[in-house]
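*Asks:* So here's final.txt, just compact mmCIF, C-alpha atoms (C1' of nucleotides):
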```txt
# COMPACT_ATOMS: atom_id res chain seq x y z
CA MET N 98 96.23 55.34 -112.34
CA VAL N 99 97.83 51.92 -112.74
CA LYS N 100 95.67 49.97 -110.30
CA ARG N 101 98.17 47.43 -109.09
CA PRO N 102 96.64 43.97 -108.42
CA ALA N 103 97.23 43.78 -104.64
CA ASP N 104 100.00 41.19 -104.86
CA PRO N 105 99.23 39.10 -101.74
CA ALA N 106 102.28 36.96 -102.38
CA ASN N 107 104.34 39.88 -101.23
CA GLY N 108 106.25 37.96 -98.54
CA SER N 109 104.85 36.64 -95.26
CA ALA N 110 101.09 36.52 -94.95
CA PRO N 111 99.75 39.30 -92.71
CA ALA N 112 97.35 38.46 -89.91
CA ALA N 113 94.10 39.92 -91.13
CA ARG N 114 90.49 38.89 -91.71
CA GLN N 115 90.21 37.38 -88.27
CA VAL N 116 88.05 39.73 -86.27
CA PRO N 117 84.62 39.99 -87.87
CA MET N 118 82.93 43.33 -87.28
CA ARG N 119 80.33 45.48 -88.94
CA ASP N 120 81.48 47.00 -92.15
CA PHE N 121 83.61 49.77 -90.86
CA SER N 122 82.62 52.34 -93.46
CA ARG N 123 78.98 52.00 -92.44
CA SER N 124 79.45 52.63 -88.76
CA LEU N 125 77.48 55.50 -87.36
CA PRO N 126 80.48 57.54 -86.27
CA MET N 127 81.98 57.28 -89.73
CA SER N 128 78.73 58.26 -91.41
CA LEU N 129 78.40 61.28 -89.19
CA LEU N 130 82.01 62.22 -89.70
CA ARG N 131 81.84 61.99 -93.46
CA ALA N 132 78.57 63.87 -93.65
CA ARG N 133 79.87 66.66 -91.50
CA GLU N 134 83.06 66.87 -93.47
CA ALA N 135 81.10 67.07 -96.71
CA VAL N 136 79.22 70.02 -95.28
CA MET N 137 82.17 71.80 -93.78
CA ARG N 138 84.16 71.43 -96.95
CA GLN N 139 81.71 73.88 -98.45
CA PHE N 140 82.21 76.51 -95.79
CA ARG N 141 85.89 76.35 -95.02
CA PRO N 142 87.20 78.16 -98.11
CA SER N 143 84.97 81.15 -97.49
CA LEU N 144 85.85 81.33 -93.82
CA ARG N 145 89.48 80.98 -94.67
CA GLU N 146 89.31 83.95 -96.99
CA HIS N 147 88.21 85.99 -94.03
CA GLY N 148 90.94 84.62 -91.80
CA LEU N 149 88.61 82.59 -89.64
CA THR N 150 88.63 78.98 -88.64
CA GLU N 151 85.50 76.99 -88.17
CA GLN N 152 85.68 77.27 -84.40
CA GLN N 153 86.38 80.98 -84.39
CA TRP N 154 83.35 81.45 -86.58
CA ARG N 155 81.26 79.37 -84.20
CA ILE N 156 82.28 81.61 -81.34
CA LEU N 157 81.49 84.82 -83.19
CA ARG N 158 78.12 83.45 -84.20
CA ALA N 159 77.33 82.43 -80.68
CA LEU N 160 78.32 85.87 -79.43
CA ALA N 161 76.38 87.74 -82.08
CA ALA N 162 73.08 86.71 -80.58
CA ILE N 163 73.68 88.04 -77.08
CA GLU N 164 75.11 90.92 -75.14
CA ALA N 165 77.70 89.02 -73.15
CA VAL N 166 78.26 85.55 -71.75
CA GLU N 167 80.43 83.79 -69.28
CA VAL N 168 83.14 81.64 -70.77
CA THR N 169 81.61 78.42 -69.51
CA GLU N 170 78.26 79.25 -71.02
CA LEU N 171 79.92 80.18 -74.28
CA ALA N 172 81.73 76.86 -74.31
CA ARG N 173 78.40 75.09 -74.08
CA THR N 174 76.82 77.18 -76.81
CA ALA N 175 79.71 76.94 -79.26
CA PHE N 176 80.23 73.29 -78.31
CA LEU N 177 83.88 73.73 -77.51
CA LEU N 178 85.87 72.39 -74.60
CA GLY N 179 87.15 74.87 -72.06
CA PRO N 180 90.79 74.68 -73.04
CA SER N 181 90.08 75.20 -76.73
CA LEU N 182 87.85 78.13 -75.99
CA SER N 183 90.41 79.62 -73.67
CA ARG N 184 93.04 79.63 -76.39
CA ILE N 185 90.75 80.87 -79.11
CA LEU N 186 89.41 83.70 -76.97
CA ARG N 187 92.95 84.79 -76.23
CA ASP N 188 93.60 85.05 -79.97
CA LEU N 189 90.28 86.64 -80.89
CA GLU N 190 90.80 89.18 -78.15
CA ALA N 191 94.27 89.96 -79.49
CA ARG N 192 92.67 90.52 -82.87
CA HIS N 193 90.10 92.81 -81.23
CA LEU N 194 87.21 90.71 -82.47
CA VAL N 195 85.90 90.03 -78.98
CA GLU N 196 86.08 91.86 -75.68
CA ARG N 197 86.34 90.49 -72.22
CA LYS N 198 85.97 91.89 -68.75
CA THR N 199 85.80 90.34 -65.35
CA ALA N 200 82.40 90.21 -63.76
CA LYS N 201 82.11 92.62 -60.89
CA ALA N 202 80.16 90.31 -58.63
CA ASP N 203 82.44 87.33 -59.11
CA GLN N 204 86.05 87.89 -59.94
CA ARG N 205 86.40 84.37 -61.27
CA ARG N 206 84.02 84.88 -64.15
CA SER N 207 84.75 86.90 -67.23
CA MET N 208 82.07 88.17 -69.53
CA VAL N 209 82.78 87.89 -73.22
CA SER N 210 81.15 89.92 -75.96
CA ILE N 211 81.71 90.53 -79.63
CA SER N 212 83.36 93.82 -80.59
CA LYS N 213 82.35 96.28 -83.27
CA GLU N 214 85.09 94.91 -85.46
CA GLY N 215 83.77 91.45 -84.78
CA VAL N 216 80.32 92.46 -85.89
CA LYS N 217 81.75 94.04 -89.00
CA LEU N 218 83.66 90.89 -89.84
CA MET N 219 80.55 88.78 -89.34
CA ALA N 220 78.61 91.06 -91.63
CA SER N 221 81.18 90.48 -94.32
CA VAL N 222 81.09 86.72 -93.95
CA ALA N 223 77.42 86.10 -93.29
CA PRO N 224 76.13 86.63 -96.84
CA THR N 225 78.42 84.04 -98.40
CA SER N 226 77.80 81.71 -95.53
CA GLU N 227 74.06 82.00 -95.88
CA ALA N 228 74.30 81.50 -99.61
CA ILE N 229 76.23 78.29 -99.14
CA TYR N 230 73.74 77.07 -96.60
CA ALA N 231 70.93 77.89 -98.98
CA GLU N 232 72.61 75.93 -101.76
CA ILE N 233 73.06 72.95 -99.49
CA THR N 234 69.42 73.16 -98.50
CA ARG N 235 68.38 73.38 -102.13
CA ARG N 236 70.44 70.37 -103.14
CA PHE N 237 69.46 68.15 -100.29
CA GLY N 238 65.91 69.39 -99.95
CA ALA N 239 64.54 71.59 -97.19
CA ARG N 240 62.16 68.93 -95.99
CA LYS N 241 64.77 66.21 -95.84
CA LEU N 242 67.11 68.60 -94.11
CA ALA N 243 64.61 69.32 -91.37
CA GLU N 244 63.94 65.61 -91.05
CA LEU N 245 67.64 64.88 -90.76
CA GLN N 246 68.06 67.48 -88.06
CA ASP N 247 65.18 65.97 -86.15
CA MET N 248 66.76 62.55 -86.29
CA LEU N 249 70.10 63.90 -85.18
CA GLY N 250 68.41 65.60 -82.26
CA ALA N 251 66.60 62.41 -81.38
CA LEU N 252 69.85 60.50 -81.50
CA GLU N 253 71.41 62.96 -79.10
CA GLN N 254 68.45 62.53 -76.81
CA SER N 255 68.69 58.77 -76.92
CA LEU N 256 72.26 58.88 -75.79
CA ALA N 257 72.00 61.80 -73.40
CA GLU N 258 70.68 59.67 -70.55
CA LEU N 259 73.35 57.11 -71.19
CA GLY N 260 75.91 59.56 -69.84
CA GLY N 261 79.05 58.34 -71.47
CA ALA N 262 81.96 57.61 -69.17
CA GLU N 263 80.97 55.48 -66.20
CA GLU N 264 82.02 51.95 -66.93
CA ALA N 265 85.76 51.70 -66.43
CA SER N 266 86.47 48.79 -64.17
CA SER N 267 89.84 47.13 -64.46
CA GLU N 268 92.25 50.02 -64.17
CA GLU N 269 92.95 52.86 -61.75
CA MET E 839 73.87 76.97 -59.44
CA VAL E 840 73.10 80.62 -58.74
CA LYS E 841 71.92 81.59 -62.23
CA ARG E 842 73.09 85.16 -62.30
CA PRO E 843 70.64 87.52 -64.12
CA ALA E 844 72.92 88.52 -67.01
CA ASP E 845 73.50 92.04 -65.69
CA PRO E 846 73.49 93.96 -68.99
CA ALA E 847 74.21 97.20 -67.15
CA ASN E 848 77.73 95.96 -66.73
CA GLY E 849 79.39 98.95 -68.33
CA SER E 850 79.37 99.97 -71.98
CA ALA E 851 76.83 98.25 -74.21
CA PRO E 852 78.46 95.59 -76.43
CA ALA E 853 77.76 95.54 -80.14
CA ALA E 854 75.57 92.49 -80.54
CA ARG E 855 72.22 91.51 -82.04
CA GLN E 856 73.01 93.18 -85.33
CA VAL E 857 73.70 90.39 -87.78
CA PRO E 858 70.62 88.21 -88.14
CA MET E 859 71.40 84.60 -88.98
CA ARG E 860 69.79 81.24 -88.57
CA ASP E 861 69.73 80.02 -85.03
CA PHE E 862 73.26 78.90 -84.64
CA SER E 863 72.54 75.84 -82.53
CA ARG E 864 70.32 74.47 -85.28
CA SER E 865 72.80 74.69 -88.10
CA LEU E 866 73.55 71.47 -89.87
CA PRO E 867 77.24 71.38 -88.97
CA MET E 868 76.42 71.83 -85.31
CA SER E 869 73.76 69.15 -85.37
CA LEU E 870 76.15 66.72 -86.98
CA LEU E 871 78.92 67.64 -84.59
CA ARG E 872 76.78 67.19 -81.51
CA ALA E 873 75.32 63.94 -82.71
CA ARG E 874 78.71 62.53 -83.48
CA GLU E 875 80.07 63.64 -80.16
CA ALA E 876 77.15 62.01 -78.36
CA VAL E 877 78.01 58.76 -80.10
CA MET E 878 81.75 58.91 -79.62
CA ARG E 879 81.36 59.78 -75.98
CA GLN E 880 80.10 56.23 -75.59
CA PHE E 881 83.12 54.63 -77.20
CA ARG E 882 86.01 56.72 -76.02
CA PRO E 883 86.29 55.37 -72.47
CA SER E 884 86.52 51.80 -73.70
CA LEU E 885 89.09 52.61 -76.35
CA ARG E 886 91.04 54.61 -73.85
CA GLU E 887 91.23 51.65 -71.51
CA HIS E 888 92.96 49.80 -74.29
CA GLY E 889 95.33 52.66 -74.99
CA LEU E 890 93.76 53.54 -78.32
CA THR E 891 92.48 56.80 -79.69
CA GLU E 892 89.53 56.98 -81.96
CA GLN E 893 91.70 57.40 -85.04
CA GLN E 894 94.05 54.58 -84.14
CA TRP E 895 91.03 52.35 -83.74
CA ARG E 896 89.72 53.44 -87.13
CA ILE E 897 93.00 52.46 -88.71
CA LEU E 898 93.11 49.07 -87.07
CA ARG E 899 89.55 48.39 -88.10
CA ALA E 900 90.25 49.39 -91.65
CA LEU E 901 93.29 47.13 -91.72
CA ALA E 902 91.52 44.18 -90.15
CA ALA E 903 89.45 43.65 -93.27
CA ILE E 904 92.29 43.34 -95.73
CA GLU E 905 95.72 41.87 -96.25
CA ALA E 906 97.60 45.08 -96.90
CA VAL E 907 96.97 48.52 -98.32
CA GLU E 908 98.85 51.49 -99.58
CA VAL E 909 98.93 54.45 -97.26
CA THR E 910 96.87 56.61 -99.58
CA GLU E 911 94.17 53.99 -99.87
CA LEU E 912 94.17 53.56 -96.11
CA ALA E 913 93.77 57.28 -95.66
CA ARG E 914 90.67 57.16 -97.80
CA THR E 915 89.22 54.19 -95.96
CA ALA E 916 89.90 55.47 -92.47
CA PHE E 917 88.94 58.98 -93.55
CA LEU E 918 92.13 60.55 -92.33
CA LEU E 919 94.33 63.12 -94.00
CA GLY E 920 97.74 62.03 -95.14
CA PRO E 921 99.73 63.87 -92.52
CA SER E 922 97.63 62.52 -89.66
CA LEU E 923 97.88 59.02 -90.97
CA SER E 924 101.60 59.36 -91.44
CA ARG E 925 102.10 60.27 -87.79
CA ILE E 926 99.73 57.67 -86.45
CA LEU E 927 101.27 54.89 -88.53
CA ARG E 928 104.69 55.84 -87.22
CA ASP E 929 103.38 55.39 -83.68
CA LEU E 930 101.38 52.24 -84.34
CA GLU E 931 104.39 50.74 -86.01
CA ALA E 932 106.55 51.60 -83.01
CA ARG E 933 104.00 49.81 -80.85
CA HIS E 934 104.16 46.83 -83.22
CA LEU E 935 100.45 47.00 -83.94
CA VAL E 936 100.95 47.44 -87.66
CA GLU E 937 103.64 46.46 -90.11
CA ARG E 938 104.90 48.28 -93.13
CA LYS E 939 107.07 47.43 -96.05
CA THR E 940 107.87 49.17 -99.26
CA ALA E 941 106.21 47.80 -102.35
CA LYS E 942 108.66 46.01 -104.56
CA ALA E 943 107.34 47.38 -107.82
CA ASP E 944 107.19 50.99 -106.68
CA GLN E 945 109.58 52.22 -104.04
CA ARG E 946 107.37 55.20 -103.27
CA ARG E 947 104.52 53.10 -101.97
CA SER E 948 104.47 51.29 -98.70
CA MET E 949 102.07 48.51 -97.91
CA VAL E 950 100.57 48.57 -94.45
CA SER E 951 99.07 45.61 -92.65
CA ILE E 952 97.91 44.81 -89.16
CA SER E 953 100.24 42.69 -87.02
CA LYS E 954 99.40 39.69 -84.89
CA GLU E 955 99.55 41.89 -81.84
CA GLY E 956 97.24 44.29 -83.58
CA VAL E 957 94.75 41.55 -84.23
CA LYS E 958 94.99 40.45 -80.64
CA LEU E 959 94.31 43.96 -79.42
CA MET E 960 91.35 44.27 -81.72
CA ALA E 961 89.96 41.02 -80.43
CA SER E 962 90.11 42.39 -76.92
CA VAL E 963 88.35 45.63 -77.83
CA ALA E 964 85.78 44.43 -80.33
CA PRO E 965 83.35 42.80 -77.87
CA THR E 966 82.89 45.92 -75.78
CA SER E 967 82.74 48.02 -78.88
CA GLU E 968 80.07 45.86 -80.41
CA ALA E 969 78.10 45.86 -77.19
CA ILE E 970 78.11 49.64 -77.09
CA TYR E 971 77.02 49.80 -80.70
CA ALA E 972 74.22 47.36 -79.96
CA GLU E 973 73.05 49.46 -77.05
CA ILE E 974 73.01 52.58 -79.20
CA THR E 975 71.04 50.72 -81.83
CA ARG E 976 68.60 49.47 -79.22
CA ARG E 977 68.05 52.93 -77.77
CA PHE E 978 67.66 54.78 -81.02
CA GLY E 979 65.95 52.00 -82.92
CA ALA E 980 67.47 49.84 -85.62
CA ARG E 981 65.08 51.09 -88.25
CA LYS E 982 65.64 54.75 -87.46
CA LEU E 983 69.35 54.12 -87.40
CA ALA E 984 69.32 52.67 -90.88
CA GLU E 985 67.18 55.54 -92.04
CA LEU E 986 69.56 58.05 -90.53
CA GLN E 987 72.52 56.43 -92.23
CA ASP E 988 70.70 56.57 -95.53
CA MET E 989 70.04 60.25 -95.12
CA LEU E 990 73.63 60.93 -94.19
CA GLY E 991 74.76 59.07 -97.27
CA ALA E 992 72.33 61.02 -99.40
CA LEU E 993 73.62 64.26 -97.95
CA GLU E 994 77.15 63.28 -98.86
CA GLN E 995 76.01 62.51 -102.37
CA SER E 996 74.24 65.84 -102.69
CA LEU E 997 77.40 67.68 -101.83
CA ALA E 998 79.86 65.42 -103.58
CA GLU E 999 79.32 66.98 -106.98
CA LEU E 1000 79.59 70.43 -105.47
CA GLY E 1001 83.29 69.81 -104.99
CA GLY E 1002 84.08 72.13 -102.18
CA ALA E 1003 86.89 74.58 -102.74
CA GLU E 1004 86.62 76.34 -106.09
CA GLU E 1005 85.18 79.72 -105.45
CA ALA E 1006 87.92 81.89 -104.08
CA SER E 1007 88.17 84.98 -106.21
CA SER E 1008 89.79 87.97 -104.62
CA GLU E 1009 93.02 86.48 -103.35
CA GLU E 1010 95.83 84.44 -104.84
C1' DG U 745 118.01 58.44 -121.87
C1' DG U 746 117.26 62.45 -119.67
C1' DG U 747 114.85 66.00 -117.79
C1' DA U 748 110.03 68.00 -116.81
C1' DG U 749 106.12 66.80 -114.43
C1' DA U 750 103.28 63.70 -111.76
C1' DT U 751 103.05 60.50 -107.55
C1' DA U 752 103.26 58.80 -102.84
C1' DC U 753 104.40 59.90 -99.07
C1' DT U 754 106.66 62.71 -95.08
C1' DT U 755 107.75 67.12 -92.48
C1' DA U 756 106.66 71.36 -90.84
C1' DA U 757 103.81 74.76 -88.74
C1' DC U 758 99.88 76.25 -86.69
C1' DA U 759 95.05 75.45 -84.70
C1' DT U 760 92.03 72.50 -82.20
C1' DG U 761 90.57 68.13 -79.40
C1' DT U 762 91.17 65.90 -75.11
C1' DT U 763 92.52 64.97 -70.46
C1' DA U 764 94.92 66.34 -66.32
C1' DA U 765 96.82 69.76 -63.33
C1' DG U 766 97.24 74.40 -61.74
C1' DT U 767 95.51 79.03 -59.99
C1' DG U 768 92.87 82.37 -57.85
C1' DA U 769 88.38 83.46 -56.11
C1' DA U 770 83.94 82.22 -53.89
C1' DT U 771 81.29 79.19 -50.44
C1' DG U 772 80.02 76.39 -46.80
C1' DC U 773 80.38 75.14 -42.36
C1' DG U 774 82.22 74.21 -37.81
C1' DC D 484 86.70 83.73 -38.42
C1' DG D 485 89.26 79.91 -40.78
C1' DC D 486 89.89 76.51 -43.80
C1' DA D 487 88.57 72.68 -46.73
C1' DT D 488 85.66 72.51 -50.96
C1' DT D 489 83.91 73.94 -54.91
C1' DC D 490 84.09 77.00 -59.00
C1' DA D 491 85.56 79.27 -63.16
C1' DC D 492 88.74 79.44 -65.70
C1' DT D 493 93.82 78.79 -67.58
C1' DT D 494 98.09 75.96 -68.56
C1' DA D 495 100.24 72.05 -69.88
C1' DA D 496 101.02 68.04 -72.61
C1' DC D 497 100.05 65.08 -76.11
C1' DA D 498 97.27 63.62 -80.35
C1' DT D 499 94.92 64.99 -84.44
C1' DG D 500 93.08 68.39 -88.21
C1' DT D 501 94.55 71.26 -91.90
C1' DT D 502 97.37 73.44 -95.31
C1' DA D 503 101.83 74.09 -97.40
C1' DA D 504 106.53 72.37 -98.46
C1' DG D 505 109.81 69.03 -98.97
C1' DT D 506 111.70 64.41 -100.74
C1' DA D 507 112.36 60.51 -103.23
C1' DT D 508 110.41 57.83 -107.06
C1' DC D 509 108.26 57.09 -111.28
C1' DT D 510 106.43 58.24 -116.01
C1' DC D 511 106.22 60.15 -120.10
C1' DC D 512 107.72 62.08 -124.07
C1' DC D 513 111.07 64.32 -126.97
```
For this file, write the structure as structure tokens.
*Replies:*
Amino acid sequence: MVKRPADPANGSAPAARQVPMRDFSRSLPMSLLRAREAVMRQFRPSLREHGLTEQQWRILRALAAIEAVEVTELARTAFLLGPSLSRILRDLEARHLVERKTAKADQRRSMVSISKEGVKLMASVAPTSEAIYAEITRRFGARKLAELQDMLGALEQSLAELGGAEEASSEE
Amino acid sequence: MVKRPADPANGSAPAARQVPMRDFSRSLPMSLLRAREAVMRQFRPSLREHGLTEQQWRILRALAAIEAVEVTELARTAFLLGPSLSRILRDLEARHLVERKTAKADQRRSMVSISKEGVKLMASVAPTSEAIYAEITRRFGARKLAELQDMLGALEQSLAELGGAEEASSEE
DNA sequence: GGGAGATACTTAACATGTTAAGTGAATGCG
DNA sequence: CGCATTCACTTAACATGTTAAGTATCTCCC
């Protein structure tokens, strides 16, 4: 707790304060990151008790709403990159929480679905999860929450057209 | 592009549609995640061209504003966990982008500062970075952006008091 | 002044993010 | 038909997220 007074005379003077930029802590990415972390911090303990990570939970939730999906489609729904999903599915399958079988019409595709055990696990997690979400909603305000979600959606839209990778010029 | 018609008669019926929950894609964590990803997708290519990851850039930015900081304080500013920061600092130091020296008064602490090379690198990245940020602001609207940041801050506040880990009961 | 406990990191171990490459299976077209 | 492309994943490799241990210092109090 002894807040030491910085001591700038600590040797040679470092080369700082020379590139003026927006206050870092108020940048949009940081705001979004902190907000999301604040939210997830509420859920993680509960998920952890049930042996699930955030991403595994996302996958189960995505699967719970449908009969079966292709891996690629699931990746889009759960917002995971292919490689991550590939690994996680391997593990979830080993734990018998999801099932997978190759599509008959196209041997490249595999259809993924949640298993009975998976459903059971979800049922045991969902109540707590919903309760936490409800508490968050209560604290922040349902109206404000809806408003926030709208703005986030609008932000996504604004940047969707912008693509996001075509501007490299000097290398390759 | 051949949108296959789901084919639910693909064998045994999977066990889905039994745990009703909010529409997954509209959950707050997902909204925040997607929004943040949409934003970062704009910055990553530019950072990558300069051989920096998002987190490395965060660290440099945090350091640019001050003379020197303790690692713990830097972790808070750059919003990184200790272990991540420890690894990244090791690498940034090896690349001579940051400097580190143990505090004289307390051998446990080390003071981190950005190097001249680090400043130079920042100077070469900052313009593009600022331009991208400006474009995002233009597209989404400066007013809405400020409003969004306010809401995100408010959300953090709402959940700050809630702590975020004291509710485990059955284990340990 | 010496040992218990708190501090400030660092390591370790495992899971995911991210990009690139690899693999086997469809497709298109000459 | 035959083969180059495209597709739908999976592997690989490296960086970070996340939690738990480990290590060296410091502090405090008897």
*Asks:* Residues of chain D within 9 Å of chain E, counting only C-alpha atoms (C1' of nucleotides), what are they? List them as a PyMOL selection string.
*Replies:* chain D and resi 498-501+507-509
*Asks:* Hey, can you check how far CA of Met878 in chain E sits from CA of Ala916 in chain E?
*Replies:*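 CA of Met878 in chain E sits 15.6 Å away from CA of Ala916 in chain E.
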*Asks:* Select all residues from chain U having any atom no more than 8 Å from an atom of chain E (counting all atoms listed in the file, ignoring ligands), output as a ChimeraX atom specification.
*Replies:* /U:752-754
*Asks:* How would the residues just chosen look if you wrote them out with C-alpha atoms (C1' of nucleotides) as a PDB file, in the frame of the given file?
*Replies:*
```pdb
ATOM      1  C1'  DA U 752     103.260  58.800-102.840  1.00  0.00           C
ATOM      2  C1'  DC U 753     104.400  59.900 -99.070  1.00  0.00           C
ATOM      3  C1'  DT U 754     106.660  62.710 -95.080  1.00  0.00           C
TER       4       DT U 754
END
```
*Asks:* Kindly provide, as JSON, numbers by chain, the residues of chain E having any atom no farther than 7 Å from an atom of chain N, counting all atoms listed in the file.
*Replies:* {"E": [852, 853, 854, 855, 857, 862, 867, 869, 870, 873, 874, 876, 877, 878, 879, 880, 883, 899, 900, 902, 903, 904, 905, 951, 952, 953, 954, 957, 961, 977, 978, 986, 987, 989, 990, 993, 994, 996, 997, 1002, 1003]}
*Asks:* So how many Å separate C1' of DT494 in chain D and CA of Arg197 in chain N, to one decimal?
*Replies:* 19.0 Å
*Asks:* Can you list, as a compact mmCIF listing (two decimals) with C-alpha atoms (C1' of nucleotides), in the frame of the given file, every protein, DNA or RNA residue that comes within 12 Å of DA757 in chain U when you count all atoms listed in the file, leaving out same-chain residues fewer than 6 positions away?
*Replies:*
```txt
# COMPACT_ATOMS: atom_id res chain seq x y z
C1' DT D 501 94.55 71.26 -91.90
C1' DT D 502 97.37 73.44 -95.31
C1' DA D 503 101.83 74.09 -97.40
C1' DA D 504 106.53 72.37 -98.46
```
*Asks:* By how many Å are CA of Arg933 in chain E and C1' of DA496 in chain D apart?
*Replies:*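 We find that CA of Arg933 in chain E and C1' of DA496 in chain D lie 20.2 Å from each other.
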*Asks:* Output range 887-901 of chain E with N, CA and C atoms present, as a compact mmCIF listing (two decimals), keeping the file's coordinate frame.
*Replies:*
```
# COMPACT_ATOMS: atom_id res chain seq x y z
N GLU E 887 90.75 52.72 -72.40
CA GLU E 887 91.23 51.65 -71.51
C GLU E 887 92.23 50.74 -72.22
N HIS E 888 92.06 50.66 -73.52
CA HIS E 888 92.96 49.80 -74.29
C HIS E 888 94.09 50.60 -74.91
N GLY E 889 94.22 51.85 -74.50
CA GLY E 889 95.33 52.66 -74.99
C GLY E 889 95.21 53.07 -76.45
N LEU E 890 93.96 53.15 -76.92
CA LEU E 890 93.76 53.54 -78.32
C LEU E 890 92.96 54.83 -78.42
N THR E 891 93.31 55.64 -79.41
CA THR E 891 92.48 56.80 -79.69
C THR E 891 91.48 56.38 -80.76
N GLU E 892 90.55 57.25 -80.96
CA GLU E 892 89.53 56.98 -81.96
C GLU E 892 90.14 56.71 -83.34
N GLN E 893 91.10 57.54 -83.71
CA GLN E 893 91.70 57.40 -85.04
C GLN E 893 92.54 56.14 -85.17
N GLN E 894 93.25 55.81 -84.12
CA GLN E 894 94.05 54.58 -84.14
C GLN E 894 93.13 53.38 -84.32
N TRP E 895 92.01 53.43 -83.63
CA TRP E 895 91.03 52.35 -83.74
C TRP E 895 90.47 52.28 -85.15
N ARG E 896 90.22 53.42 -85.75
CA ARG E 896 89.72 53.44 -87.13
C ARG E 896 90.70 52.76 -88.06
N ILE E 897 91.98 53.05 -87.85
CA ILE E 897 93.00 52.46 -88.71
C ILE E 897 93.06 50.95 -88.54
N LEU E 898 93.06 50.51 -87.30
CA LEU E 898 93.11 49.07 -87.07
C LEU E 898 91.90 48.39 -87.69
N ARG E 899 90.75 48.99 -87.52
CA ARG E 899 89.55 48.39 -88.10
C ARG E 899 89.63 48.32 -89.61
N ALA E 900 90.14 49.38 -90.19
CA ALA E 900 90.25 49.39 -91.65
C ALA E 900 91.22 48.31 -92.10
N LEU E 901 92.28 48.11 -91.34
CA LEU E 901 93.29 47.13 -91.72
C LEU E 901 92.82 45.69 -91.49
```
